[in-house]
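S.K.: Just run18.txt, nothing more (compact mmCIF, C-alpha atoms and all ligand atoms):
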```
# COMPACT_ATOMS: atom_id res chain seq x y z
CA MET A 1 9.03 -3.18 36.53
CA GLU A 2 9.66 -0.50 39.11
CA LYS A 3 6.86 1.95 39.54
CA ARG A 4 8.69 4.73 41.34
CA ASN A 5 7.59 7.45 38.90
CA CYS A 6 3.99 6.39 39.22
CA PRO A 7 1.36 8.23 41.22
CA PRO A 8 0.39 6.19 44.31
CA SER A 9 -2.66 4.33 43.03
CA PRO A 10 -2.13 2.95 39.50
CA SER A 11 -1.38 -0.72 39.00
CA PRO A 12 -1.39 -2.77 35.78
CA ARG A 13 -5.00 -3.74 36.51
CA SER A 14 -6.03 -0.13 36.98
CA THR A 15 -5.20 0.22 33.31
CA GLU A 16 -7.53 -2.64 32.63
CA LYS A 17 -10.36 -0.74 34.25
CA SER A 18 -9.63 2.49 32.48
CA GLY A 19 -9.09 0.44 29.35
CA ARG A 20 -12.77 -0.30 29.16
CA ASP A 21 -13.51 3.39 28.92
CA LEU A 22 -10.76 3.93 26.41
CA ARG A 23 -11.94 1.17 24.15
CA SER A 24 -14.98 3.13 23.12
CA GLY A 25 -12.73 5.28 20.89
CA ASP A 26 -12.16 4.68 17.23
CA SER A 27 -9.98 1.70 16.46
CA ASN A 28 -8.82 2.68 13.02
CA GLY A 29 -5.77 4.51 14.32
CA GLY A 30 -5.20 7.65 12.35
CA THR A 31 -8.51 7.58 10.58
CA ASN A 32 -11.00 8.82 13.12
CA THR A 33 -12.67 12.15 13.41
CA ASN A 34 -13.81 11.88 17.01
CA SER A 35 -13.30 15.33 18.55
CA ASN A 36 -11.58 14.13 21.73
CA THR A 37 -9.07 11.88 20.04
CA ILE A 38 -5.65 12.75 18.71
CA THR A 39 -4.18 11.20 15.63
CA ARG A 40 -0.90 12.20 14.13
CA GLY A 41 1.00 11.46 10.96
CA GLU A 42 0.26 14.42 8.74
CA LYS A 43 3.92 15.01 7.94
CA GLY A 44 5.12 13.87 4.50
CA VAL A 45 8.02 11.44 4.95
CA ASN A 46 9.77 8.93 2.78
CA VAL A 47 9.00 5.30 3.24
CA GLN A 48 11.97 3.82 5.03
CA VAL A 49 13.48 0.88 3.14
CA ILE A 50 15.82 -1.51 4.91
CA LEU A 51 17.75 -4.24 3.18
CA ARG A 52 18.75 -7.41 5.00
CA CYS A 53 20.86 -10.20 3.54
CA ARG A 54 20.75 -13.55 5.33
CA PRO A 55 23.86 -15.69 5.84
CA LEU A 56 24.47 -18.84 3.76
CA SER A 57 22.77 -21.84 5.34
CA ASP A 58 24.91 -24.73 6.61
CA GLU A 59 24.00 -26.73 3.52
CA GLU A 60 24.94 -23.89 1.19
CA THR A 61 28.24 -23.45 3.01
CA LYS A 62 28.98 -27.18 2.82
CA SER A 63 28.35 -27.22 -0.91
CA ASN A 64 30.53 -24.12 -1.45
CA THR A 65 27.67 -22.04 -2.86
CA PRO A 66 29.18 -18.94 -4.48
CA VAL A 67 28.25 -15.64 -2.81
CA VAL A 68 27.33 -12.84 -5.19
CA ILE A 69 26.13 -10.19 -2.75
CA SER A 70 28.26 -7.86 -0.69
CA CYS A 71 26.80 -5.53 1.92
CA ASN A 72 28.42 -2.29 2.99
CA GLU A 73 26.54 -1.39 6.17
CA ARG A 74 28.47 1.83 6.74
CA ARG A 75 27.73 3.16 3.24
CA ARG A 76 24.26 1.60 3.33
CA GLU A 77 24.87 -0.10 0.00
CA VAL A 78 24.42 -3.56 -1.45
CA ALA A 79 26.36 -4.77 -4.49
CA ALA A 80 25.29 -7.70 -6.65
CA THR A 81 27.77 -9.35 -9.00
CA GLN A 82 26.51 -10.89 -12.20
CA ILE A 83 28.44 -12.60 -14.98
CA ILE A 84 26.93 -11.93 -18.38
CA ALA A 85 28.74 -13.19 -21.52
CA ASN A 86 31.95 -13.68 -19.51
CA LYS A 87 31.80 -10.10 -18.29
CA GLN A 88 31.46 -9.22 -14.63
CA ILE A 89 28.72 -6.68 -14.01
CA ASP A 90 28.39 -5.10 -10.56
CA ARG A 91 25.21 -3.30 -9.63
CA THR A 92 25.03 -1.23 -6.46
CA PHE A 93 21.84 -0.25 -4.65
CA ALA A 94 21.55 2.26 -1.81
CA PHE A 95 19.02 1.94 1.03
CA ASP A 96 18.15 3.74 4.23
CA LYS A 97 19.84 0.99 6.15
CA VAL A 98 21.66 -2.21 5.21
CA PHE A 99 22.05 -5.26 7.46
CA GLY A 100 24.59 -7.83 6.28
CA PRO A 101 24.65 -11.60 6.84
CA SER A 102 26.14 -11.35 10.33
CA SER A 103 23.69 -8.70 11.54
CA LYS A 104 21.89 -9.41 14.78
CA GLN A 105 18.13 -9.30 15.41
CA LYS A 106 18.74 -6.88 18.28
CA ASP A 107 20.72 -4.45 16.11
CA LEU A 108 18.16 -4.41 13.32
CA PHE A 109 15.41 -3.74 15.85
CA GLU A 110 17.23 -1.10 17.85
CA GLN A 111 18.58 0.82 14.87
CA SER A 112 15.55 0.75 12.59
CA ILE A 113 12.37 -0.41 14.27
CA SER A 114 12.55 0.92 17.81
CA PRO A 115 12.10 4.58 16.67
CA ILE A 116 8.99 3.52 14.73
CA VAL A 117 7.52 1.87 17.84
CA ASN A 118 8.06 5.16 19.68
CA GLU A 119 6.09 6.90 16.94
CA VAL A 120 3.19 4.49 17.45
CA LEU A 121 3.11 5.50 21.11
CA GLU A 122 3.03 9.13 19.96
CA GLY A 123 -0.18 8.40 18.07
CA TYR A 124 1.09 7.49 14.62
CA ASN A 125 -0.19 4.77 12.36
CA CYS A 126 2.88 2.73 11.36
CA THR A 127 3.40 -0.31 9.15
CA ILE A 128 6.43 -2.54 8.89
CA PHE A 129 6.48 -5.17 6.26
CA ALA A 130 8.85 -7.88 5.14
CA TYR A 131 9.22 -8.38 1.39
CA GLY A 132 11.38 -10.94 -0.40
CA GLN A 133 11.85 -14.33 -1.98
CA THR A 134 10.80 -17.38 0.03
CA GLY A 135 13.63 -18.57 2.26
CA THR A 136 15.38 -15.22 2.58
CA GLY A 137 14.37 -14.51 6.20
CA LYS A 138 11.07 -12.62 6.23
CA THR A 139 9.58 -14.69 9.02
CA TYR A 140 12.93 -14.94 10.81
CA THR A 141 13.16 -11.14 10.77
CA MET A 142 9.54 -10.52 11.80
CA GLU A 143 8.94 -13.32 14.29
CA GLY A 144 12.35 -14.79 15.07
CA GLY A 145 14.18 -18.04 14.79
CA GLY A 146 13.27 -20.50 17.48
CA THR A 147 10.82 -20.16 20.31
CA ARG A 148 9.60 -16.90 21.70
CA LYS A 149 10.12 -18.10 25.26
CA THR A 150 11.69 -15.63 27.62
CA LYS A 151 14.46 -16.57 30.02
CA ASN A 152 14.64 -14.51 33.23
CA GLY A 153 12.34 -12.03 31.53
CA GLU A 154 14.79 -11.62 28.61
CA LEU A 155 13.75 -12.30 25.03
CA PRO A 156 15.84 -14.93 23.21
CA THR A 157 18.62 -13.47 21.04
CA ASP A 158 16.89 -14.60 17.87
CA ALA A 159 13.55 -12.95 18.76
CA GLY A 160 12.35 -10.91 15.80
CA VAL A 161 10.73 -7.54 15.27
CA ILE A 162 7.25 -8.45 16.56
CA PRO A 163 8.16 -9.75 20.05
CA ARG A 164 10.69 -6.94 20.47
CA ALA A 165 8.14 -4.30 19.45
CA VAL A 166 5.60 -5.76 21.87
CA ARG A 167 8.17 -5.72 24.67
CA GLN A 168 9.11 -2.10 23.97
CA ILE A 169 5.48 -0.96 23.91
CA PHE A 170 4.75 -2.47 27.33
CA ASP A 171 8.05 -1.30 28.82
CA ILE A 172 7.33 2.29 27.82
CA LEU A 173 3.66 2.29 28.85
CA GLU A 174 4.49 0.77 32.21
CA ALA A 175 7.40 3.16 32.80
CA GLN A 176 5.06 6.07 32.04
CA CYS A 177 2.28 4.58 34.19
CA ALA A 178 0.09 5.38 31.23
CA GLU A 179 -3.61 4.69 31.23
CA TYR A 180 -4.14 2.70 28.10
CA SER A 181 -6.02 -0.07 26.41
CA MET A 182 -4.67 -2.33 23.74
CA LYS A 183 -6.12 -4.75 21.26
CA VAL A 184 -4.63 -6.97 18.60
CA THR A 185 -5.85 -8.57 15.38
CA PHE A 186 -4.08 -11.19 13.28
CA LEU A 187 -5.25 -12.03 9.79
CA GLU A 188 -4.02 -13.94 6.81
CA LEU A 189 -4.56 -13.22 3.16
CA TYR A 190 -4.44 -16.33 1.02
CA ASN A 191 -5.76 -16.59 -2.53
CA GLU A 192 -7.31 -13.14 -2.01
CA GLU A 193 -9.35 -14.54 0.87
CA ILE A 194 -9.09 -13.23 4.40
CA THR A 195 -8.76 -15.72 7.24
CA ASP A 196 -8.97 -14.59 10.85
CA LEU A 197 -6.05 -16.22 12.66
CA LEU A 198 -7.61 -15.40 16.03
CA ALA A 199 -11.05 -16.84 15.31
CA PRO A 200 -12.12 -19.56 17.73
CA GLU A 201 -11.64 -23.13 16.49
CA GLU A 202 -14.51 -24.55 14.45
CA PRO A 203 -16.66 -26.79 16.68
CA LYS A 204 -16.14 -30.52 16.07
CA PHE A 205 -19.86 -31.25 16.26
CA PRO A 206 -22.81 -29.39 14.68
CA VAL A 207 -24.13 -26.49 16.72
CA PRO A 208 -27.07 -24.19 15.92
CA GLU A 209 -25.95 -21.46 13.54
CA ASP A 210 -24.97 -18.26 15.29
CA LYS A 211 -27.10 -15.67 13.48
CA THR A 212 -25.13 -12.79 14.98
CA LYS A 213 -21.80 -13.95 13.55
CA LYS A 214 -20.89 -11.99 10.43
CA PRO A 215 -18.55 -13.42 7.83
CA ILE A 216 -15.08 -11.92 7.42
CA ALA A 217 -15.25 -9.28 4.74
CA LEU A 218 -13.30 -6.26 3.66
CA MET A 219 -15.54 -3.23 4.00
CA GLU A 220 -15.31 0.48 3.43
CA ASP A 221 -17.00 3.10 5.54
CA GLY A 222 -18.60 6.24 4.13
CA LYS A 223 -15.25 8.04 4.17
CA GLY A 224 -13.48 5.35 2.19
CA PHE A 225 -11.62 3.86 5.15
CA VAL A 226 -11.12 0.13 4.87
CA PHE A 227 -11.84 -2.27 7.72
CA VAL A 228 -12.36 -6.00 8.10
CA ARG A 229 -15.85 -6.85 9.29
CA GLY A 230 -16.15 -9.73 11.72
CA LEU A 231 -12.46 -9.79 12.67
CA GLU A 232 -11.69 -10.98 16.22
CA GLU A 233 -10.11 -8.27 18.34
CA GLU A 234 -8.35 -9.52 21.45
CA ILE A 235 -7.95 -7.10 24.32
CA VAL A 236 -4.51 -7.58 25.86
CA TYR A 237 -2.88 -6.47 29.08
CA SER A 238 0.61 -7.94 28.91
CA ALA A 239 3.39 -8.85 26.50
CA GLY A 240 3.00 -12.50 27.54
CA GLU A 241 -0.62 -12.51 26.40
CA ILE A 242 0.42 -11.18 22.99
CA TYR A 243 3.15 -13.82 22.63
CA LYS A 244 0.54 -16.52 23.26
CA ILE A 245 -1.80 -15.00 20.68
CA LEU A 246 1.06 -14.84 18.18
CA ASP A 247 1.89 -18.50 18.75
CA LYS A 248 -1.73 -19.47 18.27
CA GLY A 249 -2.08 -17.41 15.12
CA SER A 250 1.24 -18.45 13.60
CA ALA A 251 0.40 -22.12 14.06
CA LYS A 252 -2.78 -21.54 12.09
CA ARG A 253 -1.03 -19.96 9.14
CA ARG A 254 -1.43 -22.00 6.05
CA THR A 255 1.75 -23.31 4.56
CA ALA A 256 2.35 -25.22 1.38
CA GLU A 257 5.46 -26.91 0.12
CA THR A 258 7.34 -25.41 -2.75
CA LEU A 259 10.53 -26.60 -4.33
CA LEU A 260 12.35 -23.67 -2.79
CA ASN A 261 11.47 -24.04 0.86
CA LYS A 262 9.40 -26.76 2.48
CA GLN A 263 8.27 -24.49 5.28
CA SER A 264 7.52 -21.57 3.02
CA SER A 265 4.44 -19.60 3.74
CA ARG A 266 2.33 -18.81 0.73
CA SER A 267 0.13 -16.31 2.47
CA HIS A 268 0.46 -12.73 3.60
CA SER A 269 -0.09 -12.16 7.31
CA ILE A 270 -0.95 -8.90 9.04
CA PHE A 271 -0.60 -8.59 12.81
CA SER A 272 -1.95 -5.31 14.15
CA ILE A 273 -1.71 -3.68 17.56
CA THR A 274 -3.96 -0.72 18.35
CA ILE A 275 -3.25 1.33 21.46
CA HIS A 276 -5.46 3.97 23.04
CA ILE A 277 -3.57 6.14 25.51
CA LYS A 278 -5.20 8.66 27.79
CA GLU A 279 -3.44 12.02 27.74
CA LEU A 280 -4.00 15.44 29.26
CA THR A 281 -3.63 18.51 27.07
CA HIS A 282 -1.92 21.71 28.35
CA GLU A 283 -5.42 22.99 29.12
CA GLY A 284 -6.05 19.96 31.30
CA GLU A 285 -8.50 18.43 28.84
CA GLU A 286 -8.57 14.64 28.54
CA MET A 287 -7.61 13.28 25.13
CA ILE A 288 -7.24 9.81 23.72
CA LYS A 289 -4.14 9.28 21.62
CA ILE A 290 -4.45 6.38 19.19
CA GLY A 291 -1.49 4.58 17.69
CA LYS A 292 -1.52 1.55 15.46
CA LEU A 293 1.27 -0.79 14.43
CA ASN A 294 0.79 -3.17 11.49
CA LEU A 295 3.36 -5.93 11.08
CA VAL A 296 3.14 -7.59 7.69
CA ASP A 297 4.90 -10.79 6.66
CA LEU A 298 4.36 -11.03 2.91
CA ALA A 299 4.26 -14.24 0.91
CA GLY A 300 7.34 -15.09 -1.15
CA SER A 301 7.92 -12.71 -4.05
CA GLU A 302 9.37 -15.38 -6.39
CA ASN A 303 7.72 -15.99 -9.69
CA ILE A 304 5.68 -19.05 -10.54
CA SER A 305 8.20 -20.97 -12.65
CA ARG A 306 11.03 -20.77 -10.11
CA SER A 307 8.95 -22.09 -7.25
CA GLY A 308 7.74 -24.97 -9.43
CA ALA A 309 4.11 -24.02 -9.05
CA ARG A 310 1.72 -25.85 -11.34
CA ASP A 311 -2.02 -26.44 -11.66
CA GLY A 312 -3.77 -25.54 -8.40
CA ARG A 313 -0.51 -24.25 -7.07
CA ALA A 314 -0.15 -22.01 -10.10
CA ARG A 315 -3.51 -20.41 -9.36
CA GLU A 316 -2.44 -19.95 -5.77
CA ALA A 317 0.87 -18.42 -6.82
CA GLY A 318 -1.02 -16.23 -9.29
CA GLU A 319 -3.30 -14.93 -6.55
CA ILE A 320 -0.34 -14.33 -4.26
CA ASN A 321 1.39 -12.50 -7.08
CA LYS A 322 -1.77 -10.54 -7.83
CA SER A 323 -1.46 -8.87 -4.45
CA LEU A 324 2.30 -8.41 -4.76
CA LEU A 325 2.03 -7.20 -8.35
CA THR A 326 -0.61 -4.70 -7.34
CA LEU A 327 1.59 -3.60 -4.44
CA GLY A 328 4.33 -3.02 -7.05
CA ARG A 329 1.95 -1.05 -9.27
CA VAL A 330 0.79 1.03 -6.32
CA ILE A 331 4.42 1.78 -5.49
CA ASN A 332 5.11 2.77 -9.12
CA ALA A 333 2.05 5.00 -9.24
CA LEU A 334 3.05 6.71 -6.00
CA VAL A 335 6.64 7.20 -7.16
CA GLU A 336 5.46 8.68 -10.43
CA HIS A 337 2.71 10.74 -8.73
CA SER A 338 0.36 9.19 -11.21
CA GLY A 339 -3.25 10.34 -11.06
CA HIS A 340 -4.57 6.84 -10.45
CA VAL A 341 -3.18 4.63 -7.70
CA PRO A 342 -4.64 1.11 -8.12
CA TYR A 343 -5.19 0.33 -4.43
CA ARG A 344 -8.49 -1.31 -5.21
CA ASP A 345 -6.99 -3.99 -7.46
CA SER A 346 -6.03 -6.38 -4.64
CA LYS A 347 -7.04 -7.03 -1.06
CA LEU A 348 -3.50 -6.53 0.19
CA THR A 349 -3.29 -3.03 -1.24
CA ARG A 350 -6.80 -2.19 -0.01
CA LEU A 351 -5.75 -3.30 3.47
CA LEU A 352 -2.44 -1.44 3.26
CA ARG A 353 -3.88 1.61 1.58
CA ASP A 354 -3.41 3.79 4.63
CA SER A 355 0.22 2.66 4.85
CA LEU A 356 1.24 3.55 1.34
CA GLY A 357 0.75 7.15 0.44
CA GLY A 358 -1.63 7.64 3.34
CA LYS A 359 -1.18 9.25 6.72
CA THR A 360 1.21 6.69 8.15
CA LYS A 361 4.86 5.85 8.51
CA THR A 362 5.97 2.83 6.55
CA CYS A 363 9.05 0.67 6.76
CA ILE A 364 9.83 -2.04 4.23
CA ILE A 365 12.35 -4.70 5.21
CA ALA A 366 13.50 -6.34 1.97
CA THR A 367 15.22 -9.67 2.53
CA ILE A 368 17.66 -11.36 0.14
CA SER A 369 19.91 -14.41 -0.08
CA PRO A 370 23.65 -14.05 -0.81
CA SER A 371 23.65 -17.16 -3.06
CA VAL A 372 24.40 -17.12 -6.77
CA TYR A 373 21.42 -19.42 -7.30
CA CYS A 374 19.01 -16.74 -6.09
CA LEU A 375 20.57 -13.88 -8.03
CA GLU A 376 17.70 -13.34 -10.45
CA GLU A 377 15.17 -13.04 -7.62
CA THR A 378 17.60 -10.99 -5.54
CA LEU A 379 17.98 -8.43 -8.33
CA SER A 380 14.22 -8.22 -8.65
CA THR A 381 13.88 -7.66 -4.87
CA LEU A 382 16.63 -5.03 -4.95
CA ASP A 383 14.90 -3.21 -7.83
CA TYR A 384 11.51 -3.39 -6.15
CA ALA A 385 12.80 -2.20 -2.78
CA HIS A 386 14.93 0.52 -4.29
CA ARG A 387 11.94 1.85 -6.14
CA ALA A 388 9.87 1.88 -2.95
CA LYS A 389 12.45 4.22 -1.41
CA ASN A 390 11.06 7.12 -3.38
CA ILE A 391 7.49 6.97 -2.11
CA LYS A 392 6.40 9.91 -0.04
CA ASN A 393 3.69 9.27 2.52
CA LYS A 394 1.90 12.47 1.75
CA PRO A 395 -1.79 12.69 2.45
CA GLU A 396 -2.35 14.85 -0.62
CA VAL A 397 -1.21 12.05 -2.97
CA ASN A 398 -4.08 11.37 -5.31
CA GLN A 399 -6.02 8.27 -4.37
P1 LIG A 401 10.99 -16.67 4.60
O1 LIG A 401 10.01 -16.34 5.68
O2 LIG A 401 11.45 -15.45 3.83
O3 LIG A 401 10.51 -17.75 3.69
P2 LIG A 401 12.55 -17.76 6.74
O4 LIG A 401 12.43 -16.65 7.71
O5 LIG A 401 11.69 -18.95 6.96
O6 LIG A 401 12.33 -17.23 5.26
O7 LIG A 401 14.09 -18.16 6.67
C1 LIG A 401 14.56 -19.32 5.99
C2 LIG A 401 15.68 -19.95 6.82
O8 LIG A 401 16.81 -19.09 6.92
C3 LIG A 401 15.26 -20.26 8.24
O9 LIG A 401 15.84 -21.46 8.63
C4 LIG A 401 15.84 -19.10 9.05
O10 LIG A 401 16.09 -19.47 10.38
C5 LIG A 401 17.12 -18.80 8.28
N1 LIG A 401 17.46 -17.38 8.35
C6 LIG A 401 16.85 -16.40 7.67
N2 LIG A 401 17.41 -15.19 7.92
C7 LIG A 401 18.40 -15.43 8.79
C8 LIG A 401 19.36 -14.58 9.43
N3 LIG A 401 19.40 -13.26 9.22
N4 LIG A 401 20.25 -15.17 10.28
C9 LIG A 401 20.22 -16.49 10.49
N5 LIG A 401 19.34 -17.34 9.91
C10 LIG A 401 18.45 -16.82 9.06
MG MG A 402 8.06 -17.06 6.00
```
Have the structure of the file written as structure tokens, please.
M.R.:
Amino acid sequence: MEKRNCPPSPSPRSTEKSGRDLRSGDSNGGTNTNSNTITRGEKGVNVQVILRCRPLSDEETKSNTPVVISCNERRREVAATQIIANKQIDRTFAFDKVFGPSSKQKDLFEQSISPIVNEVLEGYNCTIFAYGQTGTGKTYTMEGGGTRKTKNGELPTDAGVIPRAVRQIFDILEAQCAEYSMKVTFLELYNEEITDLLAPEEPKFPVPEDKTKKPIALMEDGKGFVFVRGLEEEIVYSAGEIYKILDKGSAKRRTAETLLNKQSSRSHSIFSITIHIKELTHEGEEMIKIGKLNLVDLAGSENISRSGARDGRAREAGEINKSLLTLGRVINALVEHSGHVPYRDSKLTRLLRDSLGGKTKTCIIATISPSVYCLEETLSTLDYAHRAKNIKNKPEVNQ
């Protein structure tokens, strides 16, 4: 990266040094009250809801799977065709943005996510999450298809939202010669239990118990802000470091086989990047601007019977659905401006509380399959996502 706009001295490592000073600020992004920090996000805005339909897989194409979804990107509409009692019923849903089966990772990122990343660098607290049935492209959209390896410094064409967001953050900070510090966390929610995906490997032989190590737990401070106690925070200085952390964390994610998708993930994962940027006010006073980006890959939204879950699996699916059901109830309560919003009923909604109805900007990417065999789940995703479109992220919403 050329540094021609930079003052003579700064180098990437000078940020490292200043980073140590910056790290003393609040890490909650948008929730601190420290007098020399800036947090933004007071404006009431709609949650942005994006709909993405994946293409038919090779197998589905070979077996001539009927397509029942049509996407009109220009009109930002999706139509689902259903045959009930020999009658064709078309239902159309409108979204903020629609990406059809031939849409490219780059286009989705540039048109919908890149502006959100800019907001993070302006000091906003932003959350992007992928919602949909297993096998519809949540992980493909968030992480990407194949490897994350760069070629000549370029990301692969199938790189997803997370690596592209990371790249944009570093490109902008380096172009601005900003003094910043950055840290990331990566956690998984599985059966309502939090697992730290960045925690060091368990030792293979017994070692004396570390009395200082606190267990992972969801905690609330005196002001009602939620945080995860004991979560590893990795300080990062380059995009490459984050890619390595992502690989390490993703490999640790628990997966279980379902009848729908052998690789399906049955856990929710939350990857968070917190950035402290030093800024001078018009009066020449030093301020720390804090931005936070949460990237959430939700577990499959399908119901228990369709995924063939039984026994232990049924409990697991029930717990997964508990979080998703509560997320749905929270969305309903926010849409209806109901007095009680049940954030506390699941860990996912407690963790995402500040992203739904709080002082943040939220983007939901709902993913669907075009296949007739997924229609029931697709309609449920379309309903769910369409409903989410009416949430306003207003701080005054009753909590
Ligand atoms: P999920 O995370 O929702 O279970 P995946 O992201 O694992 O689904 O996607 C399932 C399969 O479909 C993968 O093989 C993935 O590469 C492919 N896929 C998903 N979305 C797309 C897309 N938009 N373009 C091409 N392939 C896709
Ligand atoms: Mg997945």
S.K.: Around ligand MG 402 (chain A), which protein and nucleic acid residues have at least one atom no more than 10 Å from it, if we count all atoms listed in the file? List them as a PDB file with C-alpha atoms, in the frame of the given file.
M.R.:
```pdb
ATOM      1  CA  ALA A 130       8.850  -7.880   5.140  1.00  0.00           C
ATOM      2  CA  TYR A 131       9.220  -8.380   1.390  1.00  0.00           C
ATOM      3  CA  GLY A 132      11.380 -10.940  -0.400  1.00  0.00           C
ATOM      4  CA  GLN A 133      11.850 -14.330  -1.980  1.00  0.00           C
ATOM      5  CA  THR A 134      10.800 -17.380   0.030  1.00  0.00           C
ATOM      6  CA  GLY A 135      13.630 -18.570   2.260  1.00  0.00           C
ATOM      7  CA  THR A 136      15.380 -15.220   2.580  1.00  0.00           C
ATOM      8  CA  GLY A 137      14.370 -14.510   6.200  1.00  0.00           C
ATOM      9  CA  LYS A 138      11.070 -12.620   6.230  1.00  0.00           C
ATOM     10  CA  THR A 139       9.580 -14.690   9.020  1.00  0.00           C
ATOM     11  CA  TYR A 140      12.930 -14.940  10.810  1.00  0.00           C
ATOM     12  CA  THR A 141      13.160 -11.140  10.770  1.00  0.00           C
ATOM     13  CA  MET A 142       9.540 -10.520  11.800  1.00  0.00           C
ATOM     14  CA  GLU A 143       8.940 -13.320  14.290  1.00  0.00           C
ATOM     15  CA  THR A 255       1.750 -23.310   4.560  1.00  0.00           C
ATOM     16  CA  ASN A 261      11.470 -24.040   0.860  1.00  0.00           C
ATOM     17  CA  GLN A 263       8.270 -24.490   5.280  1.00  0.00           C
ATOM     18  CA  SER A 264       7.520 -21.570   3.020  1.00  0.00           C
ATOM     19  CA  SER A 265       4.440 -19.600   3.740  1.00  0.00           C
ATOM     20  CA  ARG A 266       2.330 -18.810   0.730  1.00  0.00           C
ATOM     21  CA  SER A 267       0.130 -16.310   2.470  1.00  0.00           C
ATOM     22  CA  HIS A 268       0.460 -12.730   3.600  1.00  0.00           C
ATOM     23  CA  SER A 269      -0.090 -12.160   7.310  1.00  0.00           C
ATOM     24  CA  ASP A 297       4.900 -10.790   6.660  1.00  0.00           C
ATOM     25  CA  LEU A 298       4.360 -11.030   2.910  1.00  0.00           C
ATOM     26  CA  ALA A 299       4.260 -14.240   0.910  1.00  0.00           C
ATOM     27  CA  GLY A 300       7.340 -15.090  -1.150  1.00  0.00           C
TER      28      GLY A 300
END
```
S.K.: Box in all listed atoms of ligand LIG 401 (chain A), axis-aligned, with 4 Å more on each side; write out centre and edge lengths in Å to one decimal as AutoDock Vina command-line options.
M.R.:
```
--center_x 15.1 --center_y -17.4 --center_z 7.1 --size_x 18.2 --size_y 16.2 --size_z 14.8
```
S.K.: So how far away is atom CA of Ser114 of chain A from atom CA of Glu179 of chain A, in Å?
M.R.: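 Computing the Euclidean distance for atom CA of Glu179 of chain A and atom CA of Ser114 of chain A yields 21.3 Å.
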S.K.: Nearest residue to ligand LIG 401 (chain A) out of A:Leu352, A:Val120, A:Ala80, A:Val98, using all atoms listed in the file?
M.R.: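 Result for the nearest residue to ligand LIG 401 (chain A): A:Val98.
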S.K.: Need to verify the contact set: Val184 of chain A, 10 Å, only C-alpha atoms, exclusion of same-chain residues closer than 2 positions in sequence. Can you return it as a list in words?
M.R.: Met182, Phe186, Leu198, Glu232, Glu233, Glu234, Ile235, Val236, Ile242, Ile245, Leu246, Phe271, Ser272, Ile273, Thr274, Ile275, Lys292, Leu293 and Asn294 of chain A
